[in-house]
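Structure file coords_37.txt (compact mmCIF, C-alpha atoms) is printed below.
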```txt
# COMPACT_ATOMS: atom_id res chain seq x y z
CA LEU A 17 -12.51 -2.38 9.83
CA ALA A 18 -14.12 0.84 8.61
CA LYS A 19 -15.15 0.65 4.97
CA THR A 20 -14.25 3.56 2.71
CA THR A 21 -15.99 4.82 -0.40
CA GLN A 22 -14.33 7.03 -3.00
CA PRO A 23 -15.16 8.06 -6.57
CA ILE A 24 -13.72 5.58 -9.04
CA SER A 25 -12.18 8.23 -11.25
CA MET A 26 -11.71 11.97 -11.71
CA ASP A 27 -10.29 14.15 -14.44
CA SER A 28 -8.71 17.55 -13.92
CA TYR A 29 -6.82 20.11 -16.00
CA GLU A 30 -3.28 21.01 -15.14
CA GLY A 31 -2.99 23.85 -12.66
CA GLN A 32 -6.34 23.25 -11.03
CA GLU A 33 -6.99 22.27 -7.44
CA VAL A 34 -8.34 18.75 -7.05
CA ASN A 35 -10.47 17.60 -4.16
CA ILE A 36 -11.07 13.87 -3.64
CA THR A 37 -13.63 12.96 -1.03
CA CYS A 38 -13.75 9.71 0.87
CA SER A 39 -16.61 8.58 3.07
CA HIS A 40 -16.00 6.37 6.08
CA ASN A 41 -19.24 6.29 8.04
CA ASN A 42 -18.10 3.59 10.46
CA ILE A 43 -14.81 5.16 11.50
CA ALA A 44 -13.82 4.21 15.05
CA THR A 45 -12.69 6.61 17.75
CA ASN A 46 -9.04 5.53 17.53
CA ASP A 47 -8.89 5.47 13.73
CA TYR A 48 -6.86 7.89 11.68
CA ILE A 49 -7.38 8.71 8.01
CA THR A 50 -4.43 8.13 5.72
CA TRP A 51 -4.05 8.77 2.00
CA TYR A 52 -1.68 6.94 -0.30
CA GLN A 53 -0.74 7.61 -3.92
CA GLN A 54 0.14 4.91 -6.44
CA PHE A 55 1.71 5.46 -9.84
CA PRO A 56 1.48 2.68 -12.45
CA SER A 57 3.81 -0.25 -11.72
CA GLN A 58 4.95 1.26 -8.43
CA GLY A 59 4.12 0.62 -4.80
CA PRO A 60 1.79 2.94 -2.90
CA ARG A 61 3.35 5.99 -1.34
CA PHE A 62 2.21 7.73 1.86
CA ILE A 63 0.86 11.25 1.23
CA ILE A 64 -0.80 12.51 4.38
CA GLN A 65 -2.55 11.44 7.57
CA GLY A 66 -4.95 13.17 9.94
CA TYR A 67 -7.39 12.66 12.77
CA LYS A 68 -9.57 15.76 12.70
CA THR A 69 -9.86 19.30 11.26
CA LYS A 70 -7.10 20.12 8.81
CA VAL A 71 -3.62 18.81 8.12
CA THR A 72 -1.28 20.29 5.53
CA ASN A 73 2.09 19.22 4.26
CA GLU A 74 4.22 20.09 1.25
CA VAL A 75 2.19 17.79 -1.01
CA ALA A 76 -1.45 18.05 0.03
CA SER A 77 -4.05 19.11 2.54
CA LEU A 78 -6.50 16.88 4.33
CA PHE A 79 -9.82 18.21 5.57
CA ILE A 80 -11.79 16.23 8.13
CA PRO A 81 -15.16 17.50 9.42
CA ALA A 82 -16.13 17.26 13.06
CA ASP A 83 -18.13 14.04 12.64
CA ARG A 84 -15.13 12.41 10.87
CA LYS A 85 -17.46 10.40 8.64
CA SER A 86 -15.72 11.74 5.55
CA SER A 87 -12.48 13.36 4.54
CA THR A 88 -11.24 15.35 1.56
CA LEU A 89 -7.77 15.18 0.06
CA SER A 90 -6.89 18.45 -1.62
CA LEU A 91 -4.10 18.63 -4.19
CA PRO A 92 -3.20 22.22 -5.10
CA ARG A 93 -2.40 23.10 -8.71
CA VAL A 94 -2.03 19.58 -10.08
CA SER A 95 0.44 18.73 -12.80
CA LEU A 96 0.58 15.83 -15.26
CA SER A 97 2.82 13.95 -12.83
CA ASP A 98 0.00 13.84 -10.29
CA THR A 99 -1.85 11.37 -12.51
CA ALA A 100 -2.16 8.34 -10.22
CA VAL A 101 -4.54 6.31 -8.09
CA TYR A 102 -5.28 7.82 -4.68
CA TYR A 103 -6.35 5.61 -1.80
CA CYS A 104 -8.11 6.60 1.38
CA LEU A 105 -7.44 4.25 4.31
CA VAL A 106 -8.85 4.26 7.82
CA GLY A 107 -7.07 2.60 10.72
CA LEU A 108 -4.76 2.94 13.66
CA GLN A 109 -1.95 5.47 13.61
CA THR A 110 0.97 3.13 13.66
CA GLY A 111 3.51 1.56 11.37
CA ALA A 112 2.73 -1.81 12.92
CA ASN A 113 -0.51 -2.04 11.05
CA ASN A 114 -1.67 -4.03 8.06
CA LEU A 115 -3.08 -1.76 5.40
CA PHE A 116 -6.33 -2.59 3.65
CA PHE A 117 -6.75 -0.77 0.37
CA GLY A 118 -10.00 -0.10 -1.41
CA THR A 119 -10.30 0.50 -5.13
CA GLY A 120 -9.07 4.08 -4.89
CA THR A 121 -9.70 7.08 -7.13
CA ARG A 122 -7.93 7.19 -10.47
CA LEU A 123 -7.01 10.84 -11.08
CA THR A 124 -6.13 11.80 -14.64
CA VAL A 125 -4.59 15.22 -15.15
CA ILE A 126 -5.19 16.61 -18.62
CA PRO A 127 -2.86 19.14 -20.28
CA GLU B 29 15.59 8.94 1.19
CA PRO B 30 15.77 5.29 2.31
CA GLU B 31 14.18 2.77 -0.03
CA VAL B 32 12.74 -0.72 0.05
CA THR B 33 14.45 -2.67 -2.72
CA GLN B 34 12.83 -5.59 -4.52
CA THR B 35 14.36 -8.09 -6.92
CA PRO B 36 13.76 -9.15 -9.58
CA SER B 37 11.58 -6.44 -11.09
CA HIS B 38 9.97 -8.99 -13.38
CA GLN B 39 9.88 -12.78 -13.19
CA VAL B 40 8.32 -15.22 -15.58
CA THR B 41 7.82 -18.76 -14.38
CA GLN B 42 6.06 -21.90 -15.49
CA MET B 43 3.01 -23.11 -13.62
CA GLY B 44 3.99 -25.48 -10.83
CA GLN B 45 7.46 -24.01 -10.37
CA GLU B 46 8.71 -22.47 -7.15
CA VAL B 47 9.61 -18.78 -7.06
CA ILE B 48 11.35 -16.65 -4.47
CA LEU B 49 10.76 -12.92 -4.44
CA ARG B 50 13.35 -10.91 -2.60
CA CYS B 51 13.17 -7.68 -0.66
CA VAL B 52 15.64 -5.57 1.26
CA PRO B 53 13.65 -3.52 3.76
CA ILE B 54 14.83 -0.23 5.23
CA SER B 55 17.60 -1.09 7.66
CA ASN B 56 16.16 0.14 10.96
CA HIS B 57 12.61 -0.99 10.30
CA LEU B 58 10.97 -3.60 12.47
CA TYR B 59 7.80 -4.61 10.61
CA PHE B 60 7.76 -6.28 7.23
CA TYR B 61 4.91 -6.97 4.85
CA TRP B 62 4.01 -8.51 1.54
CA TYR B 63 1.11 -7.25 -0.56
CA ARG B 64 0.01 -8.18 -4.03
CA GLN B 65 -1.93 -6.45 -6.77
CA ILE B 66 -3.50 -8.38 -9.61
CA LEU B 67 -3.58 -6.27 -12.77
CA GLY B 68 -6.37 -3.71 -12.58
CA GLN B 69 -7.39 -4.70 -9.07
CA LYS B 70 -6.74 -3.37 -5.60
CA VAL B 71 -3.68 -3.84 -3.43
CA GLU B 72 -4.24 -6.85 -1.16
CA PHE B 73 -2.55 -7.65 2.13
CA LEU B 74 -0.79 -11.03 2.24
CA VAL B 75 1.30 -11.25 5.40
CA SER B 76 2.99 -9.24 8.13
CA PHE B 77 6.20 -10.25 9.90
CA TYR B 78 7.66 -8.99 13.15
CA ASN B 79 10.31 -10.27 15.52
CA ASN B 80 11.15 -13.14 13.18
CA GLU B 81 7.70 -14.55 12.95
CA ILE B 82 4.45 -14.06 11.09
CA SER B 83 2.17 -11.60 12.91
CA GLU B 84 -0.84 -11.92 10.68
CA LYS B 85 -1.75 -13.43 7.34
CA SER B 86 -4.69 -13.12 4.99
CA GLU B 87 -6.78 -15.87 3.45
CA ILE B 88 -4.72 -15.51 0.29
CA PHE B 89 -1.57 -16.56 2.15
CA ASP B 90 -2.21 -20.29 2.11
CA ASP B 91 0.20 -23.21 2.51
CA GLN B 92 1.90 -22.58 -0.80
CA PHE B 93 3.25 -19.27 0.50
CA SER B 94 6.03 -18.78 3.03
CA VAL B 95 8.16 -15.88 4.22
CA GLU B 96 11.62 -15.76 5.67
CA ARG B 97 14.14 -13.25 6.92
CA PRO B 98 17.21 -15.40 6.38
CA ASP B 99 20.06 -13.05 7.24
CA GLY B 100 18.78 -9.95 9.02
CA SER B 101 18.66 -7.83 5.89
CA ASN B 102 16.65 -9.75 3.27
CA PHE B 103 12.97 -10.60 3.48
CA THR B 104 11.71 -13.22 1.05
CA LEU B 105 8.38 -14.50 -0.18
CA LYS B 106 8.36 -18.03 -1.54
CA ILE B 107 5.55 -19.45 -3.62
CA ARG B 108 6.00 -23.20 -3.63
CA SER B 109 4.00 -24.27 -6.67
CA THR B 110 2.84 -21.34 -8.72
CA LYS B 111 -0.59 -21.17 -10.31
CA LEU B 112 -1.76 -18.97 -13.17
CA GLU B 113 -3.78 -16.90 -10.72
CA ASP B 114 -0.62 -16.01 -8.79
CA SER B 115 0.30 -13.66 -11.64
CA ALA B 116 0.41 -10.22 -10.04
CA MET B 117 2.62 -7.41 -8.80
CA TYR B 118 4.05 -8.33 -5.41
CA PHE B 119 4.99 -5.44 -3.16
CA CYS B 120 7.21 -5.64 -0.12
CA ALA B 121 6.84 -2.97 2.55
CA SER B 122 8.54 -2.18 5.81
CA SER B 123 7.84 0.22 8.64
CA ASP B 124 9.14 1.42 11.94
CA TYR B 125 6.60 2.03 14.69
CA THR B 126 5.45 5.28 13.05
CA TYR B 127 2.81 5.58 10.37
CA TYR B 128 4.90 7.81 8.12
CA GLY B 129 7.65 5.23 8.10
CA TYR B 130 5.56 2.77 6.12
CA THR B 131 7.41 2.37 2.82
CA PHE B 132 6.64 0.17 -0.16
CA GLY B 133 9.09 -1.19 -2.71
CA SER B 134 8.59 -0.85 -6.45
CA GLY B 135 7.36 -4.39 -6.74
CA THR B 136 8.08 -7.62 -8.59
CA ARG B 137 5.84 -8.42 -11.53
CA LEU B 138 5.28 -12.18 -11.46
CA THR B 139 3.94 -13.78 -14.59
CA VAL B 140 2.99 -17.45 -14.42
CA VAL B 141 2.63 -19.15 -17.79
```

Take the structure in this file and express it as structure tokens.
Amino acid sequence: LAKTTQPISMDSYEGQEVNITCSHNNIATNDYITWYQQFPSQGPRFIIQGYKTKVTNEVASLFIPADRKSSTLSLPRVSLSDTAVYYCLVGLQTGANNLFFGTGTRLTVIP
Amino acid sequence: EPEVTQTPSHQVTQMGQEVILRCVPISNHLYFYWYRQILGQKVEFLVSFYNNEISEKSEIFDDQFSVERPDGSNFTLKIRSTKLEDSAMYFCASSDYTYYGYTFGSGTRLTVV
């Protein structure tokens, strides 16, 4: 199982773009990179998944360099409601897959 | 949007008592999971369940834990004799075969006193 490393915490002002980087040096060929968001006292929620280059959806963008040893979650123009813990996971692209969470990055958005 | 529903939201129990945590997964999902999160710590995998049997379980999921899908809609986690260290948020999740179908419930906060 590829280990992931993320910053423990980040602060950002409202309206700014936030980039959270995750390193996963031992990512396997078949592994995808998935990001989850967790608000206090709630279950994690899927944000975005990618394999290489760039993926964008209505919530975030995910940038993955060619060597795939790291990835960056980009949240455009954050608001106070984006305050949460963000987890980077590496594994197979399937719903039939146990998820192994690291400690995540606690993002605090400041007014 | 379909939801995974967990009950109760909060349960307080005495050490040594049995508890049953209940979950209603999304109706057309095939894979079911339990995770737990001790306060301030990371989300930990407990057990996965597919085709009416356990697919995989972690070291945490010892003999005091069991899971059941009694009626085709509910998915339960039983802790036979609770310990203080079982106090945690317990999350149920379900998924179809796609990664974006993986959905967590809001959790049950179990407090063992």

Next on the checklist: For a quick check of understanding, using only C-alpha atoms, which of B:Phe77, B:Phe93, B:Tyr127, B:Tyr63 has the smallest distance to chain A?
Outcome noted: B:Tyr127

Next on the checklist: Using only C-alpha atoms for the distances, tell me which of A:Thr21, A:Gln53, A:Thr121, A:Ser77 is nearest to Ser39 of chain A.
Outcome noted: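 Nearest candidate to Ser39 of chain A out of A:Thr21, A:Gln53, A:Thr121, A:Ser77: A:Thr21.
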
Using all atoms listed in the file, which residues of chain B come within 8 Å of chain A, and what is the closest atom pair for each, with the distance in Å to one decimal? Give it as CSV, sorted by chain and residue number.
```
residue,atom,partner,partner_atom,distance
B:Tyr59,CA,A:Ala112,CA,6.2
B:Tyr61,CA,A:Asn114,CA,7.9
B:Gln69,CA,A:Thr119,CA,7.1
B:Lys70,CA,A:Thr119,CA,5.3
B:Val71,CA,A:Phe117,CA,5.8
B:Glu72,CA,A:Phe117,CA,6.8
B:Phe73,CA,A:Phe116,CA,6.5
B:Ser76,CA,A:Asn114,CA,7.0
B:Met117,CA,A:Ser57,CA,7.8
B:Phe119,CA,A:Gly59,CA,6.3
B:Ser123,CA,A:Gly111,CA,5.3
B:Asp124,CA,A:Gly111,CA,5.7
B:Tyr125,CA,A:Gly111,CA,4.6
B:Thr126,CA,A:Gly111,CA,4.5
B:Tyr127,CA,A:Gly111,CA,4.2
B:Tyr128,CA,A:Phe62,CA,6.8
B:Gly129,CA,A:Gly111,CA,6.4
B:Tyr130,CA,A:Gly111,CA,5.8
B:Thr131,CA,A:Arg61,CA,6.8
B:Phe132,CA,A:Gly59,CA,5.3
B:Gly133,CA,A:Gly59,CA,5.7
B:Ser134,CA,A:Gln58,CA,4.6
B:Gly135,CA,A:Gly59,CA,6.3
```

Next on the checklist: I need the residue nearest Leu96 of chain A from this list: A:Trp51, A:Tyr29, A:Phe79, A:Tyr67. Use only C-alpha atoms for the distance.
Outcome noted: A:Tyr29

Item to check | atom CA of Glu29 of chain B to atom CA of Pro92 of chain A, straight-line distance in Å | outcome: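 Interatomic distance, atom CA of Pro92 of chain A to atom CA of Glu29 of chain B: 23.9 Å.
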
Next on the checklist: Give me the residues near Glu113 of chain B as an MDAnalysis selection string, where near means some atom within 9 Å (using only C-alpha atoms) and where sequence neighbours in that chain fewer than 2 positions away do not count.
Outcome noted: chainID B and resid 66 110:111 115:116 140

Checklist outcome for this item: Separating atom CA of Glu96 of chain B from atom CA of Val32 of chain B, to the nearest tenth of an Å, is a gap of 16.1 Å

Checklist outcome for this item: In Å and to one decimal, atom CA of Val106 of chain A is distant from atom CA of Thr20 of chain A by 7.5 Å
